[in-house]
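Reading through the structure tokens given below for one structure.
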Amino acid sequence: NYFVIQFSGTDLGFISVVLNSNHEYEISWYIIPEFQGRGLGTMALKEICKVFHKRPLVGEVDKRNISSMKSFLKAGFVEKIISVFRLPA
């Protein structure tokens with residue numbers, strides 16, 4: 001499920017909800033750079049939580065992406081610490 005994020009008729013990015021291999025509905029979003037930092041991602045996240053009723057909803061956030069982490073917390077998500085290991089190419 002992919003949704004365009006709009007504000008005042010302007011496309012600002014997208015938000016998606018995809019069933020992952022753990023049978024969780026994983027949320028991802030992107031806001032174009034000139035509109036980042038205005039709380040639009042948080043608003044979109046809160047809205048998708050209202051209209052998308054399947055659960056569990058999850059989001060994986062890079063620990064360096066502080067603004068996305070704050071958005072999930074503001075939307076009512078609880079932080080779950082998971083170690084992710086990756087073998088470099």
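Every chain in the structure tokens takes a letter, A first, then B, and so on in the order presented; its residues are numbered from 1, and the ligands are numbered from 1 following the presented order.
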Discussion item. Residues near Ser71 (chain A), anyone? I mean within 10 Å using only C-alpha atoms, not counting same-chain ones fewer than 4 positions away, as number ranges by chain.
Written reply: A: 39-46, 66-67, 75-77
Restricted to N, CA and C atoms, what would the selected residues look like written as an mmCIF file, in the first residue's frame?
data_model
loop_
_atom_site.group_PDB
_atom_site.id
_atom_site.type_symbol
_atom_site.label_atom_id
_atom_site.label_comp_id
_atom_site.auth_asym_id
_atom_site.auth_seq_id
_atom_site.Cartn_x
_atom_site.Cartn_y
_atom_site.Cartn_z
ATOM 1 N N GLY A 39 7.595 18.639 10.323
ATOM 2 C CA GLY A 39 6.606 17.805 10.990
ATOM 3 C C GLY A 39 5.648 17.096 10.050
ATOM 4 N N LEU A 40 5.878 17.199 8.754
ATOM 5 C CA LEU A 40 4.968 16.586 7.779
ATOM 6 C C LEU A 40 5.047 15.070 7.802
ATOM 7 N N GLY A 41 6.235 14.525 8.017
ATOM 8 C CA GLY A 41 6.383 13.070 8.129
ATOM 9 C C GLY A 41 5.653 12.542 9.348
ATOM 10 N N THR A 42 5.737 13.263 10.447
ATOM 11 C CA THR A 42 5.026 12.870 11.669
ATOM 12 C C THR A 42 3.524 12.899 11.442
ATOM 13 N N MET A 43 3.038 13.958 10.784
ATOM 14 C CA MET A 43 1.597 14.048 10.498
ATOM 15 C C MET A 43 1.151 12.897 9.610
ATOM 16 N N ALA A 44 1.953 12.566 8.590
ATOM 17 C CA ALA A 44 1.608 11.465 7.685
ATOM 18 C C ALA A 44 1.605 10.137 8.433
ATOM 19 N N LEU A 45 2.567 9.948 9.307
ATOM 20 C CA LEU A 45 2.651 8.720 10.090
ATOM 21 C C LEU A 45 1.434 8.573 11.007
ATOM 22 N N LYS A 46 1.057 9.642 11.670
ATOM 23 C CA LYS A 46 -0.127 9.599 12.542
ATOM 24 C C LYS A 46 -1.385 9.292 11.738
ATOM 25 N N ILE A 66 17.545 10.662 13.738
ATOM 26 C CA ILE A 66 16.878 11.101 14.957
ATOM 27 C C ILE A 66 15.469 11.619 14.674
ATOM 28 N N SER A 67 15.279 12.355 13.579
ATOM 29 C CA SER A 67 13.959 12.919 13.302
ATOM 30 C C SER A 67 12.919 11.834 13.041
ATOM 31 N N ALA A 75 4.049 9.418 17.292
ATOM 32 C CA ALA A 75 2.863 8.731 16.764
ATOM 33 C C ALA A 75 2.414 7.584 17.662
ATOM 34 N N GLY A 76 3.089 7.385 18.806
ATOM 35 C CA GLY A 76 2.650 6.373 19.760
ATOM 36 C C GLY A 76 3.377 5.042 19.683
ATOM 37 N N PHE A 77 4.381 4.937 18.817
ATOM 38 C CA PHE A 77 5.154 3.700 18.727
ATOM 39 C C PHE A 77 6.087 3.590 19.923
#
Discussion item. Just want the 6 Å neighbourhood of Ile27 (chain A), counted on only C-alpha atoms, with same-chain residues fewer than 5 positions away dropped. Output as a PyMOL selection string.
Written reply: chain A and resi 16-17+59
Restrict the selected residues to all heavy atoms and save them as a compact mmCIF listing (two decimals), in the first residue's frame.
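And here's selection-v2.txt as it stands now:
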# COMPACT_ATOMS: atom_id res chain seq x y z
N SER A 16 4.49 4.25 2.75
CA SER A 16 4.07 2.91 2.33
C SER A 16 3.93 2.01 3.54
O SER A 16 4.58 2.22 4.57
CB SER A 16 5.07 2.31 1.34
OG SER A 16 6.30 2.06 1.98
N VAL A 17 3.07 1.02 3.39
CA VAL A 17 2.89 -0.02 4.40
C VAL A 17 2.95 -1.35 3.67
O VAL A 17 2.13 -1.61 2.79
CB VAL A 17 1.55 0.12 5.15
CG1 VAL A 17 1.45 -0.93 6.25
CG2 VAL A 17 1.38 1.52 5.72
N GLY A 59 8.27 -0.01 12.23
CA GLY A 59 9.16 0.79 11.41
C GLY A 59 10.59 0.54 11.82
O GLY A 59 10.88 0.50 13.02
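Among A:Ser28, A:Phe7, A:Leu19, A:Asn1, the residue with the shortest atom-to-atom distance to Val61 (chain A), counting only C-alpha atoms, is A:Ser28.
Counting from CA of Val51 (chain A), the distance to CA of Asn22 (chain A) is 21.7 Å.
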Discussion item. I'd like to know which residues of chain A are strand (DSSP E) (by DSSP, run on the backbone); could you write them as a ChimeraX atom specification?
Written reply: /A:2-7,10-19,25-31,57-58
Worksheet item: So what do you get for CA of Ile31 (chain A) versus CA of Leu12 (chain A), distance-wise?
Response: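 Atom-to-atom, CA of Ile31 (chain A) and CA of Leu12 (chain A) are spaced 5.6 Å apart.
Take CA of Ile15 (chain A) and CA of Arg86 (chain A): the distance between them is 25.4 Å.
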Practice prompt. List every residue of chain A that DSSP, applied to the backbone of this structure, assigns to alpha helix (DSSP H), and report them as a PyMOL selection string.
Written response: chain A and resi 40-51+66-74
Discussion item. Given only C-alpha atoms as the basis, pick out the residue of A:Gln36, A:Val4, A:Val58, A:Tyr30 nearest to Val18 (chain A).
Written reply: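 Residue with the minimum atom-to-atom distance to Val18 (chain A): A:Val58.
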